[in-house]
Amino acid sequence: MLNTQFIQQIRDWADQFPWLEMLSSLGILILVAFIANLIAKQVVVRGIRNLITRLKFSNSDVIAEHSVIRRISNIIPAIVIMNGIPSVPHLSVKMITLVQMLSQAFIFFTLALAISQFLTVFNVIYQRNPKSYNKPIKGYLQLVKLIIFVVCGLMILGTFLKKDVFTLLAGFGAMAAVLMLVFQNTILSLVASVQISSYDMVRIGDWIEMPTLNADGDVIDMSLHTVTVQNFDKTFTTIPTNRLVTDTFKNWRGMQEQGVRRIKRSIIIDQNSIHFISALELRKLKEFLLIDQYLSEKQNELKAFNQKYANDAENNQRRLTNLGTFRAYVEFYLKNHAGIATHQSLIIRQLQPTSEGLPLEIYAFTNTTAWTEYEAIQSDIFDHLLAILPEFGLKIFQIPSGNDFKMH
């Protein structure tokens, strides 16, 4: 009886202070929401994560690292508050409605984040598949995320306006032109992504060169709006996806797949040093093992030709030239070089003479695509050719400098 009177006295006293009853009820509601959140994260989510870690199935580490369930668990306290706020006394109807709307908006946004996180996990798992380099799906997943967040925004807007989502969509139909203008880059990027994927124009890991945007390096990321290239100087260039369709760029994938890399470089010969080979020079050049057989065969060929046309003037007879012999030497040298791919094109040719001399172009392929090895092979070849060139009586053309005119 005394306890009942005591409780009644407390109620009578509390009725004098309605704000105190309201605050205490709010405190209890927040405490319940906090406990529910604690149980959801510390018991349920942690238990599921430990279970995934112990199972040790494929990609369990990715699923454990990106916890979608943890994000979903954030809606538990919002549900508690949304359902418990009407029981708080002395709160106005507008305040209760506002809190419920905010809680519902938070639930929608949290679910959108959870779905976005799930798509991120899916993309990480997909990228572990070797075939993903040929068909990246990051751009498509970003488009799905964009649609999810647009729908989420419409649902939140519909919650506060107390209208159905489909009603809002019907209203937005009149704004289609404005939306297309706002999302024109997204639409262009989506179309470009489909074209790039369909025609297999670019893959992650490809070496591409795009001088208009100063891009020259490896593709490290492909998203809906941009393609990221890590240049060889370790800088990054971000290329809009649609520029890969509208602009010209070079993809070096074919070189990497063939396992060879082209050498295309010229030696500029001083034209004044080109002449017929004398008998003394011929004996000296025969000491080179690579062209000994060539010289013998060429001598026999010229001898037969000259005998056939013996009545012609001596000056019209065919003779060996130092440039032609050097070309033959270069060809034999490259065919026997360990760094040259012999199954690919190998051409030693003269280009159009200019005022700076006669370009002798070497067109060949190395049997490696590694940058350092390629440069080493190329440098080794031209080191040797430039050093042996005087043995053929040839000179390199070089624009005169001050030392060339210096009086000795």
# chains A, B, ... in the order shown; residues from 1 in each chain; ligands from 1
>>> select_by_dssp(residues="range 67-267 of chain A", states="helix (DSSP H, G or I)", output="ChimeraX atom specification")
/A:68-72,75-87,93-127,130-133,138-161,165-182,184-199,211-213,243-246,253-258
>>> residues_around(residues="range 397-401 of chain A", least_positions_apart="6", cutoff="12 Å", atoms="only C-alpha atoms", output="PDB file with N, CA and C atoms, in the first residue's frame")
ATOM      1  N   SER A 266      67.960   5.400 -87.900  1.00  0.00           N
ATOM      2  CA  SER A 266      68.831   5.604 -89.063  1.00  0.00           C
ATOM      3  C   SER A 266      70.216   6.065 -88.645  1.00  0.00           C
ATOM      4  N   ILE A 267      71.193   5.686 -89.464  1.00  0.00           N
ATOM      5  CA  ILE A 267      72.559   6.210 -89.375  1.00  0.00           C
ATOM      6  C   ILE A 267      72.744   7.144 -90.564  1.00  0.00           C
ATOM      7  N   ILE A 268      73.103   8.397 -90.309  1.00  0.00           N
ATOM      8  CA  ILE A 268      73.265   9.374 -91.378  1.00  0.00           C
ATOM      9  C   ILE A 268      74.689   9.277 -91.927  1.00  0.00           C
ATOM     10  N   ILE A 269      74.798   8.826 -93.182  1.00  0.00           N
ATOM     11  CA  ILE A 269      76.096   8.623 -93.817  1.00  0.00           C
ATOM     12  C   ILE A 269      76.500   9.888 -94.575  1.00  0.00           C
ATOM     13  N   ASP A 270      77.765  10.277 -94.406  1.00  0.00           N
ATOM     14  CA  ASP A 270      78.317  11.373 -95.198  1.00  0.00           C
ATOM     15  C   ASP A 270      78.466  10.885 -96.638  1.00  0.00           C
ATOM     16  N   GLN A 271      77.746  11.502 -97.579  1.00  0.00           N
ATOM     17  CA  GLN A 271      77.727  11.020 -98.956  1.00  0.00           C
ATOM     18  C   GLN A 271      79.077  11.157 -99.645  1.00  0.00           C
ATOM     19  N   ASN A 272      79.932  12.036 -99.146  1.00  0.00           N
ATOM     20  CA  ASN A 272      81.266  12.189 -99.744  1.00  0.00           C
ATOM     21  C   ASN A 272      82.168  10.990 -99.455  1.00  0.00           C
ATOM     22  N   SER A 273      81.764  10.175 -98.453  1.00  0.00           N
ATOM     23  CA  SER A 273      82.601   9.025 -98.107  1.00  0.00           C
ATOM     24  C   SER A 273      82.205   7.752 -98.854  1.00  0.00           C
ATOM     25  N   ILE A 274      81.177   7.824 -99.692  1.00  0.00           N
ATOM     26  CA  ILE A 274      80.737   6.642-100.454  1.00  0.00           C
ATOM     27  C   ILE A 274      81.596   6.505-101.711  1.00  0.00           C
ATOM     28  N   PRO A 353      68.033  10.772 -99.829  1.00  0.00           N
ATOM     29  CA  PRO A 353      69.167  11.617 -99.404  1.00  0.00           C
ATOM     30  C   PRO A 353      68.695  13.044 -99.111  1.00  0.00           C
ATOM     31  N   THR A 354      69.303  13.662 -98.145  1.00  0.00           N
ATOM     32  CA  THR A 354      68.981  15.037 -97.775  1.00  0.00           C
ATOM     33  C   THR A 354      70.262  15.849 -97.719  1.00  0.00           C
ATOM     34  N   SER A 355      70.119  17.113 -97.388  1.00  0.00           N
ATOM     35  CA  SER A 355      71.293  17.975 -97.266  1.00  0.00           C
ATOM     36  C   SER A 355      72.173  17.576 -96.085  1.00  0.00           C
ATOM     37  N   GLU A 356      71.644  16.763 -95.204  1.00  0.00           N
ATOM     38  CA  GLU A 356      72.408  16.325 -94.044  1.00  0.00           C
ATOM     39  C   GLU A 356      73.072  14.979 -94.261  1.00  0.00           C
ATOM     40  N   GLY A 357      72.869  14.342 -95.422  1.00  0.00           N
ATOM     41  CA  GLY A 357      73.506  13.068 -95.702  1.00  0.00           C
ATOM     42  C   GLY A 357      72.517  12.027 -96.188  1.00  0.00           C
ATOM     43  N   LEU A 358      72.986  10.793 -96.233  1.00  0.00           N
ATOM     44  CA  LEU A 358      72.173   9.669 -96.704  1.00  0.00           C
ATOM     45  C   LEU A 358      71.752   8.809 -95.504  1.00  0.00           C
ATOM     46  N   PRO A 359      70.450   8.794 -95.156  1.00  0.00           N
ATOM     47  CA  PRO A 359      70.009   7.967 -94.018  1.00  0.00           C
ATOM     48  C   PRO A 359      70.004   6.484 -94.387  1.00  0.00           C
ATOM     49  N   LEU A 360      70.676   5.693 -93.575  1.00  0.00           N
ATOM     50  CA  LEU A 360      70.646   4.234 -93.706  1.00  0.00           C
ATOM     51  C   LEU A 360      69.816   3.708 -92.539  1.00  0.00           C
ATOM     52  N   LEU A 386      78.429   2.028 -85.295  1.00  0.00           N
ATOM     53  CA  LEU A 386      79.112   3.315 -85.381  1.00  0.00           C
ATOM     54  C   LEU A 386      80.617   3.156 -85.237  1.00  0.00           C
ATOM     55  N   LEU A 389      82.014   1.427 -88.607  1.00  0.00           N
ATOM     56  CA  LEU A 389      81.740   2.146 -89.851  1.00  0.00           C
ATOM     57  C   LEU A 389      83.012   2.633 -90.555  1.00  0.00           C
TER      58      LEU A 389
END
>>> residues_around(residues="Asn74 in chain A", least_positions_apart="5", cutoff="9 Å", atoms="only C-alpha atoms", output="number ranges by chain")
A: 37, 40-41, 69, 107, 110
>>> write_last_selection(atoms="C-alpha atoms", output="mmCIF file, in the first residue's frame")
data_model
loop_
_atom_site.group_PDB
_atom_site.id
_atom_site.type_symbol
_atom_site.label_atom_id
_atom_site.label_comp_id
_atom_site.auth_asym_id
_atom_site.auth_seq_id
_atom_site.Cartn_x
_atom_site.Cartn_y
_atom_site.Cartn_z
ATOM 1 C CA ASN A 37 22.958 -1.201 -32.119
ATOM 2 C CA ALA A 40 23.734 -5.971 -33.712
ATOM 3 C CA LYS A 41 27.362 -4.972 -34.269
ATOM 4 C CA ILE A 69 26.192 -6.739 -43.001
ATOM 5 C CA ILE A 107 17.194 3.685 -43.495
ATOM 6 C CA THR A 110 21.943 3.140 -45.361
#
>>> residues_around(residues="Leu188 in chain A", least_positions_apart="5", cutoff="10 Å", atoms="only C-alpha atoms", output="NGL selection string")
:A and (183 or 193 or 224-225 or 240-243)
>>> closest_residue(among="A:Ala105, A:Val80, A:Ile35, A:Ile75", to="Gly158 in chain A", atoms="only C-alpha atoms")
A:Ala105
>>> atom_distance(atom1="CA of Met210 in chain A", atom2="CA of Asp247 in chain A")
8.6 Å
>>> closest_residue(among="A:His384, A:Lys395, A:Lys94, A:Arg261", to="Trp371 in chain A", atoms="only C-alpha atoms")
A:Arg261
>>> residues_around(residues="Val260 in chain A", least_positions_apart="6", cutoff="7 Å", atoms="only C-alpha atoms", output="ChimeraX atom specification")
/A:365-369
>>> write_last_selection(atoms="C-alpha atoms", output="PDB file, in the first residue's frame")
ATOM      1  CA  PHE A 365      62.536  -6.303 -83.958  1.00  0.00           C
ATOM      2  CA  THR A 366      64.055  -7.281 -80.631  1.00  0.00           C
ATOM      3  CA  ASN A 367      62.959 -10.558 -79.063  1.00  0.00           C
ATOM      4  CA  THR A 368      61.933  -8.828 -75.831  1.00  0.00           C
ATOM      5  CA  THR A 369      59.538  -6.042 -74.877  1.00  0.00           C
TER       6      THR A 369
END
>>> residues_around(residues="His275 in chain A", least_positions_apart="5", cutoff="9 Å", atoms="only C-alpha atoms", output="PDB file with N, CA and C atoms, in the first residue's frame")
ATOM      1  N   LEU A 320      81.968  -3.290-106.589  1.00  0.00           N
ATOM      2  CA  LEU A 320      81.509  -3.255-105.194  1.00  0.00           C
ATOM      3  C   LEU A 320      81.659  -1.853-104.620  1.00  0.00           C
ATOM      4  N   THR A 321      80.669  -1.449-103.807  1.00  0.00           N
ATOM      5  CA  THR A 321      80.751  -0.168-103.108  1.00  0.00           C
ATOM      6  C   THR A 321      80.877  -0.425-101.612  1.00  0.00           C
ATOM      7  N   ASN A 322      81.478   0.524-100.938  1.00  0.00           N
ATOM      8  CA  ASN A 322      81.646   0.368 -99.485  1.00  0.00           C
ATOM      9  C   ASN A 322      80.299   0.457 -98.758  1.00  0.00           C
ATOM     10  N   LEU A 323      79.355   1.252 -99.297  1.00  0.00           N
ATOM     11  CA  LEU A 323      78.042   1.362 -98.650  1.00  0.00           C
ATOM     12  C   LEU A 323      77.251   0.068 -98.816  1.00  0.00           C
ATOM     13  N   GLY A 393      85.403   2.613 -94.752  1.00  0.00           N
ATOM     14  CA  GLY A 393      85.706   3.871 -95.428  1.00  0.00           C
ATOM     15  C   GLY A 393      84.557   4.845 -95.420  1.00  0.00           C
ATOM     16  N   LEU A 394      83.585   4.651 -94.530  1.00  0.00           N
ATOM     17  CA  LEU A 394      82.420   5.523 -94.437  1.00  0.00           C
ATOM     18  C   LEU A 394      82.552   6.461 -93.245  1.00  0.00           C
TER      19      LEU A 394
END
>>> closest_residue(among="A:Trp207, A:Tyr126, A:Phe382, A:Phe392", to="Ile220 in chain A", atoms="only C-alpha atoms")
A:Trp207
>>> atom_distance(atom1="CA of Ser345 in chain A", atom2="CA of Gly254 in chain A")
15.4 Å
>>> atom_distance(atom1="CA of Gly139 in chain A", atom2="CA of Phe122 in chain A")
13.0 Å
